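Worksheet for the structure shown next.
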Amino acid sequence: LKPSPNVPIPLPVTLVVDEPVVIEITISDDLERWAAQDRVHEVLLRLRLAEITEMDRLSFGLNGRRLPETLLRKINQAYLMAAPRFRASGYWFIFKLDSDHWPRTGNNTVEVTLEHQDPDVTPQIFVRDVELETKYLMGKNFHRGPQYTDSDLGPYEHAVT
């Protein structure tokens, strides 16, 4: 698919030390409304960065507020043995956002700042992907897993007929 000529392509975007980049995303979810009905299970913000090392330091923000590292999980997929032909590798930075850090309905900004880059590595680091996933419950006391499972209930063996 070719993008429309008047629509900018925000990603990938290269990071430079101490120069924050701002990526705009639009959210249609009304999290406040569904939270009032106890229907929001989880809100995940994922960013994939390429050409990054374990020595590099970054900070992330959402709508002008820094995201705390207590909400962060990193997954190293810098090298994949088995993947599709045009594979994309890198580091995933996944934030399980609490309600104090949820995006708002409408326009939002995600900020990424490279605070330190390993001086022995020459490739430029870049933000490749930004994803937001909102998981809702079917009801306020409903299970929190796929296909009638819930990690709090333990494993369940399905009968095969």
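Ligands are numbered from 1 in the order shown, chains are lettered A, B, ... in the order of the structure tokens, and residues start at 1 in each chain.
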
>> Among stretch 43-129 of chain A, which residues does DSSP mark as helix (DSSP H, G or I) when it is run on the backbone? Keep the chain and numbering as in the structure and answer as a list in words.
In response: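 Here is the list: Glu69, Thr70, Leu71, Ser99, Asp100 and His101 of chain A.
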
Would you mind exporting the chosen residues as a compact mmCIF listing (two decimals), in the first residue's frame, restricted to N, CA and C atoms?
```txt
# COMPACT_ATOMS: atom_id res chain seq x y z
N GLU A 69 9.60 3.50 35.40
CA GLU A 69 10.15 2.20 35.05
C GLU A 69 9.44 1.06 35.76
N THR A 70 8.71 1.34 36.82
CA THR A 70 7.96 0.29 37.51
C THR A 70 6.86 -0.29 36.63
N LEU A 71 6.45 0.43 35.59
CA LEU A 71 5.43 -0.05 34.66
C LEU A 71 6.04 -0.75 33.45
N SER A 99 -4.03 3.39 35.71
CA SER A 99 -5.02 4.41 35.35
C SER A 99 -4.47 5.83 35.45
N ASP A 100 -3.43 6.04 36.26
CA ASP A 100 -2.81 7.37 36.35
C ASP A 100 -2.04 7.74 35.08
N HIS A 101 -1.74 6.75 34.26
CA HIS A 101 -0.93 6.98 33.06
C HIS A 101 -1.64 6.58 31.77
```

> Which polymer residues have any atom within 8 Å of an atom of A:Gln77, counting only C-alpha atoms, with same-chain residues fewer than 6 positions away left out, as a list in words?
Replying inline: Ser89, Gly90, Tyr91 and Trp92 of chain A

> Which of these, A:Val121, A:Leu44, A:Ile52, A:Val22, has the shortest distance to A:Glu133 once you count only C-alpha atoms?
Replying inline: A:Leu44

>> Which residues are near A:Glu19? Cut-off 9 Å, only C-alpha atoms, ignore same chain within fewer than 2 positions. Put them as a list in words.
In response: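 Here the qualifying residues turn out to be Leu15, Val16, Val17, Val21, Val112, Thr113, Leu114 and Glu115 of chain A.
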
>> Given only C-alpha atoms as the basis, pick out the residue of A:Pro103, A:Gly61, A:Pro10, A:Pro20 nearest to A:Asp129.
In response: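 For A:Asp129, the nearest of the given residues is A:Pro10.
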
> Pick from A:Ile125, A:Leu11, A:Ala35, A:Ile25: nearest to A:Asn108, with only C-alpha atoms counted?
Replying inline: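 The shortest atom-to-atom distance to A:Asn108 comes from A:Ile25.
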
> Any idea what the distance is between atom CA of A:Pro119 and atom CA of A:Arg66?
Replying inline: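 The value is 25.3 Å.
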
> A:Met138, A:Leu132, A:Val110, A:Leu31: which is nearest A:Arg46, counting only C-alpha atoms?
Replying inline: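 Checking each candidate against A:Arg46, we get A:Leu132 as the closest.
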
>> I need the residues of stretch 21-125 of chain A that end up classed as strand (DSSP E) by DSSP on the backbone, written out as a ChimeraX atom specification.
In response: /A:21-27,40-50,57-62,65-66,72-77,90-97,106-116

For the residues in that selection, give me C-alpha atoms as a PDB file, in the first residue's frame.
```
ATOM      1  CA  VAL A  21      11.168  12.754  19.735  1.00  0.00           C
ATOM      2  CA  VAL A  22       7.402  13.094  19.893  1.00  0.00           C
ATOM      3  CA  ILE A  23       5.137  10.611  18.154  1.00  0.00           C
ATOM      4  CA  GLU A  24       1.455  11.455  17.856  1.00  0.00           C
ATOM      5  CA  ILE A  25      -1.184   8.761  18.216  1.00  0.00           C
ATOM      6  CA  THR A  26      -4.957   9.057  18.205  1.00  0.00           C
ATOM      7  CA  ILE A  27      -7.043   6.986  20.614  1.00  0.00           C
ATOM      8  CA  VAL A  40     -10.901  -2.205  31.598  1.00  0.00           C
ATOM      9  CA  HIS A  41      -8.579  -5.147  32.150  1.00  0.00           C
ATOM     10  CA  GLU A  42      -5.261  -3.846  30.852  1.00  0.00           C
ATOM     11  CA  VAL A  43      -3.769  -1.010  28.803  1.00  0.00           C
ATOM     12  CA  LEU A  44      -0.421  -1.746  27.150  1.00  0.00           C
ATOM     13  CA  LEU A  45       1.873   0.701  25.378  1.00  0.00           C
ATOM     14  CA  ARG A  46       4.538  -1.041  23.293  1.00  0.00           C
ATOM     15  CA  LEU A  47       7.508   0.535  21.523  1.00  0.00           C
ATOM     16  CA  ARG A  48      10.037  -1.353  19.437  1.00  0.00           C
ATOM     17  CA  LEU A  49      13.450   0.259  19.067  1.00  0.00           C
ATOM     18  CA  ALA A  50      16.094  -0.982  16.656  1.00  0.00           C
ATOM     19  CA  ARG A  57      19.584   4.561  28.430  1.00  0.00           C
ATOM     20  CA  LEU A  58      16.199   5.897  27.432  1.00  0.00           C
ATOM     21  CA  SER A  59      13.223   7.606  28.995  1.00  0.00           C
ATOM     22  CA  PHE A  60       9.623   7.513  27.849  1.00  0.00           C
ATOM     23  CA  GLY A  61       6.632   9.756  28.367  1.00  0.00           C
ATOM     24  CA  LEU A  62       2.964   9.928  27.513  1.00  0.00           C
ATOM     25  CA  ARG A  65       4.326  12.864  31.824  1.00  0.00           C
ATOM     26  CA  ARG A  66       7.306  10.590  32.268  1.00  0.00           C
ATOM     27  CA  LEU A  72       8.085  -1.209  32.163  1.00  0.00           C
ATOM     28  CA  ARG A  73       9.074  -4.633  30.870  1.00  0.00           C
ATOM     29  CA  LYS A  74      11.838  -4.975  28.262  1.00  0.00           C
ATOM     30  CA  ILE A  75      12.019  -7.843  25.802  1.00  0.00           C
ATOM     31  CA  ASN A  76      15.227  -8.338  23.841  1.00  0.00           C
ATOM     32  CA  GLN A  77      14.498  -9.471  20.288  1.00  0.00           C
ATOM     33  CA  GLY A  90      14.984  -4.866  18.202  1.00  0.00           C
ATOM     34  CA  TYR A  91      14.052  -4.242  21.797  1.00  0.00           C
ATOM     35  CA  TRP A  92      10.430  -4.048  22.916  1.00  0.00           C
ATOM     36  CA  PHE A  93       9.653  -1.609  25.704  1.00  0.00           C
ATOM     37  CA  ILE A  94       6.247  -2.576  27.103  1.00  0.00           C
ATOM     38  CA  PHE A  95       4.437  -0.418  29.624  1.00  0.00           C
ATOM     39  CA  LYS A  96       1.472  -1.881  31.524  1.00  0.00           C
ATOM     40  CA  LEU A  97      -0.183   1.476  32.097  1.00  0.00           C
ATOM     41  CA  GLY A 106      -8.327  11.806  20.987  1.00  0.00           C
ATOM     42  CA  ASN A 107      -4.785  13.022  20.314  1.00  0.00           C
ATOM     43  CA  ASN A 108      -1.932  11.772  22.498  1.00  0.00           C
ATOM     44  CA  THR A 109       1.837  12.152  22.374  1.00  0.00           C
ATOM     45  CA  VAL A 110       4.449   9.508  23.091  1.00  0.00           C
ATOM     46  CA  GLU A 111       7.875  10.902  23.911  1.00  0.00           C
ATOM     47  CA  VAL A 112      11.133   8.962  23.612  1.00  0.00           C
ATOM     48  CA  THR A 113      14.471  10.388  24.735  1.00  0.00           C
ATOM     49  CA  LEU A 114      17.822   8.724  24.220  1.00  0.00           C
ATOM     50  CA  GLU A 115      19.689   9.815  27.353  1.00  0.00           C
ATOM     51  CA  HIS A 116      22.907   7.861  26.740  1.00  0.00           C
TER      52      HIS A 116
END
```

>> Between atom CA of A:Asp30 and atom CA of A:Lys135, what is the distance in Å, rounded to a tenth?
In response: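 Taking atom CA of A:Asp30 and atom CA of A:Lys135, their separation equals 12.4 Å.
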
>> As an exercise, work out the distance from atom CA of A:Val13 to atom CA of A:Glu51 in Å and give it to one decimal place.
In response: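 According to the coordinates, atom CA of A:Val13 and atom CA of A:Glu51 are separated by 12.2 Å.
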